[in-house]
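> The structure under discussion is supplied below as structure tokens; questions concerning it will follow.
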Amino acid sequence: MTWQRVPLKDVGTWYGGATPSKSNATFWTGGTIPWLSPKDMGPEVLTETLDHITPAAVGGSSVKLVPGGSVAVVVRSGIIERTIPVSLVPFDTTLNQDMKAVEPRPDIDPRWIAWSLRAFERELLRETRKTGTTVASIEWPRFQAFEIPVPPIDEQRRIVDLLEDHLSRLDAASRAIAESLVRLKALRDSALLSVVADAQRHGQSETHSLGELARVSSGMTPLRGNKAFYDGGTIPWITSGDLHQGLITKPTQFVTQRALDETSLKIVPAGSLLVAMYGEGKTRGTAAELGLDATTNQACAAITFHEPDLRAWVRLILDANYTGLRRLAAGGVQPNLNLSLIKAIEVPVPPAETRRMLISRITRIDEGRERMKEELLSAHRRGTSLRRSLLKAAFSGPLTGAESDLSAAEEMIGA
């Protein structure tokens, strides 16, 4: 069968969008008409929009009603730096100004357009994305001139049905991998709690506060406006954002000797542990080890041990109590820990031989967990490559519905 090359401008009727005046309550209050914006995009098929407008907005502004069965595309958003969100919209909707939508012509299935845009996403980003703008966007004339292959509609539907069947299996495998990664983390968390419980049950364990076992201090931020504290600095200055390294060996910021001389900054020796007392997302409560002498900001509690042999054991205790540490934080919109709370953390300390045995148990679990994690991530990467290859196969002919489909796609990986 003959496949045509059709510019996107000719695949149907395109609609733009607008934002009805926010100051006009009659345009928004009690609205029932969907108003689609980039924040709604994500699912391959939309079921609703977060915002709605009124019939008065459609009649009294430049927004247009887009018929159900259209294909919506984000054309202006920071996300276009890496991807072009595309969704089928089975219901009538309106759009904001960062969106475009196309009502396909009768001989083109809307799913064919949607999957075409996903299949050729890399080419579209390369050829139509504007450069040098504050917010990433699509250069619309170039986008509309981009051609997609279009076979007869029956062939379109047959290929899309096959594609969606194959991709649904890959999606199921991807979900299973994600669930397995979550279970791997839960396995370690459970093992850590088990080790702490064993330490607490040990007849010769002694419980000490962290403040008894170590010197606990925090750093500070030299005046940002004083360039002499930062320009040309060679002394590592660690913030809570660096703690994700686990073992901190690659500082991202530095201060000068003058900052050390003229402020209350102090050098924290390598081998000390750091705990994030505040920070965004999962940062608060995270523990890491300093792999070099450094200074820190006020968001980090630095723990320098009187007996260095306790470092690995206390690190294990802190990891086990990550969730508990986050619960200890209190106050304000962004709850924080403080030095008093860190110093008060109770640490069961069994004899050295018992500590070594318990740490060894966790080390073996971590080694096995890392091997499994790498295998899962490798499977995920292969699935991602296979997904791209299936899309390529669908729009270049090899997708036939036979058992050879996946083999053909696998041969295309890396092509």
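Every chain in the structure tokens has a letter given in the order shown (A, B, ...), and although residue numbers restart at 1 in each chain, ligands are simply numbered from 1 in the order shown.
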Among region 337-387 of chain A, which residues does DSSP mark as strand (DSSP E) when it is run on the backbone? Keep the chain and numbering as in the structure and answer as a ChimeraX atom specification.

/A:346-349

> Keeping only N, CA and C atoms, take the residues you just selected and write them out as a CSV table (one decimal), in the first residue's frame.


```csv
chain,number,residue,atom,x,y,z
A,346,GLU,N,19.4,8.9,70.3
A,346,GLU,CA,19.9,7.8,71.2
A,346,GLU,C,20.5,6.7,70.3
A,347,VAL,N,21.7,6.3,70.6
A,347,VAL,CA,22.5,5.3,69.9
A,347,VAL,C,22.8,4.1,70.7
A,348,PRO,N,22.2,2.9,70.4
A,348,PRO,CA,22.6,1.7,71.1
A,348,PRO,C,24.0,1.3,70.7
A,349,VAL,N,24.9,1.1,71.6
A,349,VAL,CA,26.3,0.8,71.3
A,349,VAL,C,26.7,-0.6,71.8
```

> Under the rule of at most 10 Å, produce a per-residue listing of region 334-368 of chain A near region 177-196 of chain A: chain, number, name, the closest pair of atoms, and the distance in Å, as a tab-separated table, using only C-alpha atoms.


```
residue	atom	partner	partner_atom	distance
A:Val347	CA	A:Val196	CA	9.0
A:Pro348	CA	A:Val196	CA	7.6
A:Val349	CA	A:Val196	CA	9.7
A:Arg355	CA	A:Val195	CA	9.4
A:Met357	CA	A:Val195	CA	9.8
A:Leu358	CA	A:Val195	CA	6.2
A:Ile359	CA	A:Val195	CA	8.2
A:Arg361	CA	A:Val195	CA	8.3
A:Ile362	CA	A:Ala191	CA	7.0
A:Ile365	CA	A:Arg188	CA	7.2
A:Asp366	CA	A:Arg188	CA	7.3
A:Gly368	CA	A:Leu184	CA	9.9
```

> Restricting the calculation to only C-alpha atoms: of A:Ala18, A:Val89, A:Ala72, A:Val150, which residue gets closest to Leu46 (chain A)?

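Residue with the minimum atom-to-atom distance to Leu46 (chain A): A:Val89.
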
> Just the residues within 8 Å of region 247-260 of chain A, please, counting only C-alpha atoms, with nothing from its chain fewer than 6 positions along; format it as a short mmCIF file (atom, residue, chain, number, x, y, z; two decimals) with C-alpha atoms, in the first residue's frame.


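See selection08.cif below for the written result:
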```cif
data_model
loop_
_atom_site.label_atom_id
_atom_site.label_comp_id
_atom_site.auth_asym_id
_atom_site.auth_seq_id
_atom_site.Cartn_x
_atom_site.Cartn_y
_atom_site.Cartn_z
CA PRO A 222 29.59 33.84 54.69
CA ALA A 228 36.36 38.14 48.77
CA PHE A 229 34.73 35.25 50.64
CA TYR A 230 33.98 33.27 47.47
CA ASP A 231 35.91 34.35 44.36
CA GLY A 232 38.83 32.01 43.73
CA GLY A 233 37.98 29.98 46.83
CA THR A 234 39.69 26.62 47.28
CA ILE A 235 38.23 25.49 50.61
CA PRO A 236 35.25 23.14 50.14
CA TRP A 237 31.98 24.53 51.50
CA ILE A 238 29.33 21.83 51.81
CA LYS A 266 35.40 26.03 60.98
CA ALA A 288 26.54 11.41 54.51
CA GLU A 289 30.24 11.04 55.27
CA LEU A 290 32.84 13.68 54.55
CA GLY A 291 35.57 12.29 52.36
CA LEU A 292 37.69 15.44 52.70
#
```

> Which one of A:Ala312, A:Asp293, A:Gly132, A:Ser61 sits closest to Ser360 (chain A) if you count only C-alpha atoms?

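Between A:Ala312, A:Asp293, A:Gly132, A:Ser61, the residue approaching Ser360 (chain A) most closely is A:Ala312.
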
> Can you pull out every residue from region 218-269 of chain A that DSSP, working from the backbone, puts in helix (DSSP H, G or I), and format the result as JSON, numbers by chain?

{"A": [227, 228, 229, 240, 241, 242, 243, 244, 245, 257, 258, 259, 260, 261, 262]}

> With a cut-off of 6 Å, could you pull out the residues of region 6-64 of chain A touching region 135-149 of chain A and give me the nearest pair of atoms for each, distance in Å to one decimal, using only C-alpha atoms, ordered by chain and ascending number, as a Markdown table?


```
| residue | atom | partner | partner_atom | distance |
| --- | --- | --- | --- | --- |
| A:Val6 | CA | A:Glu147 | CA | 5.0 |
| A:Pro7 | CA | A:Glu147 | CA | 4.0 |
| A:Leu8 | CA | A:Gln144 | CA | 4.7 |
| A:Lys9 | CA | A:Gln144 | CA | 4.5 |
```

> Would you output that residue set with N, CA and C atoms, as an mmCIF file, in the first residue's frame?


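part26.cif, freshly written:
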```cif
data_model
loop_
_atom_site.group_PDB
_atom_site.id
_atom_site.type_symbol
_atom_site.label_atom_id
_atom_site.label_comp_id
_atom_site.auth_asym_id
_atom_site.auth_seq_id
_atom_site.Cartn_x
_atom_site.Cartn_y
_atom_site.Cartn_z
ATOM 1 N N VAL A 6 2.685 13.648 4.679
ATOM 2 C CA VAL A 6 1.735 14.755 4.850
ATOM 3 C C VAL A 6 2.285 15.760 5.861
ATOM 4 N N PRO A 7 2.385 17.056 5.496
ATOM 5 C CA PRO A 7 2.794 18.067 6.481
ATOM 6 C C PRO A 7 1.777 18.124 7.620
ATOM 7 N N LEU A 8 2.249 18.383 8.817
ATOM 8 C CA LEU A 8 1.348 18.426 9.971
ATOM 9 C C LEU A 8 0.240 19.466 9.787
ATOM 10 N N LYS A 9 0.516 20.523 9.043
ATOM 11 C CA LYS A 9 -0.529 21.551 8.860
ATOM 12 C C LYS A 9 -1.726 20.997 8.099
#
```

> Using only C-alpha atoms, determine which residues lie at most 9 Å from Pro55 (chain A), disregarding the query and same-chain residues fewer than 2 positions distant; provide the list as a compact mmCIF listing (two decimals) with N, CA and C atoms, in the first residue's frame.


```txt
# COMPACT_ATOMS: atom_id res chain seq x y z
N PHE A 27 -16.35 34.56 33.72
CA PHE A 27 -15.66 33.65 32.81
C PHE A 27 -15.22 32.36 33.50
N GLY A 31 -17.64 27.37 36.18
CA GLY A 31 -17.35 26.92 34.82
C GLY A 31 -17.49 25.41 34.66
N THR A 32 -17.99 24.99 33.51
CA THR A 32 -18.18 23.57 33.22
C THR A 32 -17.47 23.13 31.94
N ILE A 33 -16.91 24.08 31.20
CA ILE A 33 -16.24 23.77 29.94
C ILE A 33 -14.76 23.54 30.20
N ILE A 53 -13.98 26.74 32.31
CA ILE A 53 -14.49 28.09 32.08
C ILE A 53 -15.98 28.03 31.77
N ALA A 57 -17.28 32.85 28.83
CA ALA A 57 -15.88 33.01 28.43
C ALA A 57 -15.69 32.65 26.97
N VAL A 58 -16.39 31.60 26.52
CA VAL A 58 -16.28 31.20 25.11
C VAL A 58 -16.88 32.29 24.21
N GLY A 59 -17.97 32.87 24.68
CA GLY A 59 -18.62 33.90 23.87
C GLY A 59 -17.95 35.26 23.98
N GLY A 60 -17.26 35.50 25.10
CA GLY A 60 -16.74 36.84 25.33
C GLY A 60 -15.23 36.96 25.29
```

> Which residue out of A:Ala197, A:Val268, A:Ala287, A:Leu386 has the minimum interatomic distance to Gln245 (chain A) when only C-alpha atoms are used?

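Nearest to Gln245 (chain A): A:Ala287.
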
> So which residues touch Val102 (chain A) within 6 Å, counting only C-alpha atoms, skipping near sequence neighbours fewer than 4 positions away, as a PDB file with N, CA and C atoms, in the first residue's frame?


```pdb
ATOM      1  N   GLY A  12      -5.298  18.009   9.564  1.00  0.00           N
ATOM      2  CA  GLY A  12      -6.609  18.341  10.107  1.00  0.00           C
ATOM      3  C   GLY A  12      -6.726  19.825  10.370  1.00  0.00           C
ATOM      4  N   THR A  13      -7.721  20.196  11.135  1.00  0.00           N
ATOM      5  CA  THR A  13      -7.945  21.604  11.496  1.00  0.00           C
ATOM      6  C   THR A  13      -7.275  21.903  12.828  1.00  0.00           C
ATOM      7  N   TRP A  14      -6.368  22.875  12.833  1.00  0.00           N
ATOM      8  CA  TRP A  14      -5.618  23.218  14.045  1.00  0.00           C
ATOM      9  C   TRP A  14      -6.299  24.359  14.803  1.00  0.00           C
ATOM     10  N   SER A  70      -9.841  15.244  19.389  1.00  0.00           N
ATOM     11  CA  SER A  70      -8.688  15.989  18.894  1.00  0.00           C
ATOM     12  C   SER A  70      -7.401  15.463  19.544  1.00  0.00           C
ATOM     13  N   VAL A  71      -6.276  15.966  19.054  1.00  0.00           N
ATOM     14  CA  VAL A  71      -4.961  15.644  19.606  1.00  0.00           C
ATOM     15  C   VAL A  71      -4.344  16.947  20.087  1.00  0.00           C
TER      16      VAL A  71
END
```

> Which polymer residues have any atom within 12 Å of an atom of Ser174 (chain A), counting only C-alpha atoms, with same-chain residues fewer than 5 positions away left out, as a list in words?

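The neighbour list is Leu167, Ser168, Arg169, Glu179, Ser180, Leu181, Leu376, Leu377, Ser378, Ala379, His380, Arg381, Arg382, Gly383, Thr384, Leu386 and Arg387 of chain A.
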
> Those same residues, written as a short mmCIF file (atom, residue, chain, number, x, y, z; two decimals), in the first residue's frame with N, CA and C atoms?


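This is the output file again26.cif:
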```cif
data_model
loop_
_atom_site.label_atom_id
_atom_site.label_comp_id
_atom_site.auth_asym_id
_atom_site.auth_seq_id
_atom_site.Cartn_x
_atom_site.Cartn_y
_atom_site.Cartn_z
N LEU A 167 3.15 -1.95 23.33
CA LEU A 167 3.57 -0.96 24.32
C LEU A 167 2.91 -1.19 25.67
N SER A 168 1.68 -1.71 25.67
CA SER A 168 1.03 -1.99 26.95
C SER A 168 1.80 -3.05 27.73
N ARG A 169 2.39 -4.00 27.00
CA ARG A 169 3.19 -5.02 27.68
C ARG A 169 4.49 -4.42 28.22
N GLU A 179 8.16 -1.12 40.75
CA GLU A 179 7.71 -1.71 42.02
C GLU A 179 8.83 -2.52 42.67
N SER A 180 9.63 -3.20 41.87
CA SER A 180 10.74 -3.98 42.41
C SER A 180 11.80 -3.07 43.02
N LEU A 181 12.06 -1.92 42.39
CA LEU A 181 13.02 -0.97 42.95
C LEU A 181 12.54 -0.43 44.29
N LEU A 376 17.88 -4.47 37.33
CA LEU A 376 16.58 -3.86 37.07
C LEU A 376 16.71 -2.61 36.22
N LEU A 377 17.71 -1.78 36.52
CA LEU A 377 17.90 -0.56 35.74
C LEU A 377 18.32 -0.89 34.31
N SER A 378 19.11 -1.95 34.16
CA SER A 378 19.49 -2.38 32.82
C SER A 378 18.26 -2.82 32.03
N ALA A 379 17.37 -3.56 32.70
CA ALA A 379 16.13 -3.98 32.04
C ALA A 379 15.27 -2.77 31.68
N HIS A 380 15.26 -1.77 32.56
CA HIS A 380 14.49 -0.56 32.28
C HIS A 380 15.06 0.18 31.07
N ARG A 381 16.39 0.28 31.01
CA ARG A 381 17.01 0.96 29.86
C ARG A 381 16.71 0.22 28.56
N ARG A 382 16.76 -1.11 28.62
CA ARG A 382 16.46 -1.89 27.43
C ARG A 382 14.99 -1.70 27.02
N GLY A 383 14.10 -1.65 28.00
CA GLY A 383 12.69 -1.42 27.70
C GLY A 383 12.47 -0.07 27.05
N THR A 384 13.19 0.96 27.54
CA THR A 384 13.08 2.30 26.95
C THR A 384 13.54 2.29 25.50
N LEU A 386 13.64 -0.34 23.53
CA LEU A 386 12.70 -1.15 22.76
C LEU A 386 11.44 -0.36 22.44
N ARG A 387 11.01 0.48 23.37
CA ARG A 387 9.83 1.33 23.13
C ARG A 387 10.10 2.26 21.95
#
```

> Could you list, as a short mmCIF file (atom, residue, chain, number, x, y, z; two decimals) with C-alpha atoms, in the first residue's frame, every residue within 7 Å of Pro351 (chain A), counting only C-alpha atoms and ignoring same-chain residues fewer than 3 positions away?


```
data_model
loop_
_atom_site.label_atom_id
_atom_site.label_comp_id
_atom_site.auth_asym_id
_atom_site.auth_seq_id
_atom_site.Cartn_x
_atom_site.Cartn_y
_atom_site.Cartn_z
CA GLN A 204 25.98 -5.71 76.69
CA SER A 205 24.70 -2.75 74.67
CA THR A 354 28.87 -7.31 67.62
CA ARG A 355 28.93 -3.98 65.76
#
```

> Ranking A:Thr363, A:Asn338, A:Thr221, A:Thr207 by minimum distance to Tyr278 (chain A) and counting only C-alpha atoms, which one comes first?

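Smallest separation from Tyr278 (chain A) among the options: A:Asn338.
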
> Between A:Glu123, A:Arg215, A:Leu390, A:His52, which is the closest to Lys22 (chain A) once you count only C-alpha atoms?

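That would be A:His52, the residue with the smallest distance to Lys22 (chain A).
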
> By how many Å are CA of Ile153 (chain A) and CA of Gly16 (chain A) apart?

25.9 Å
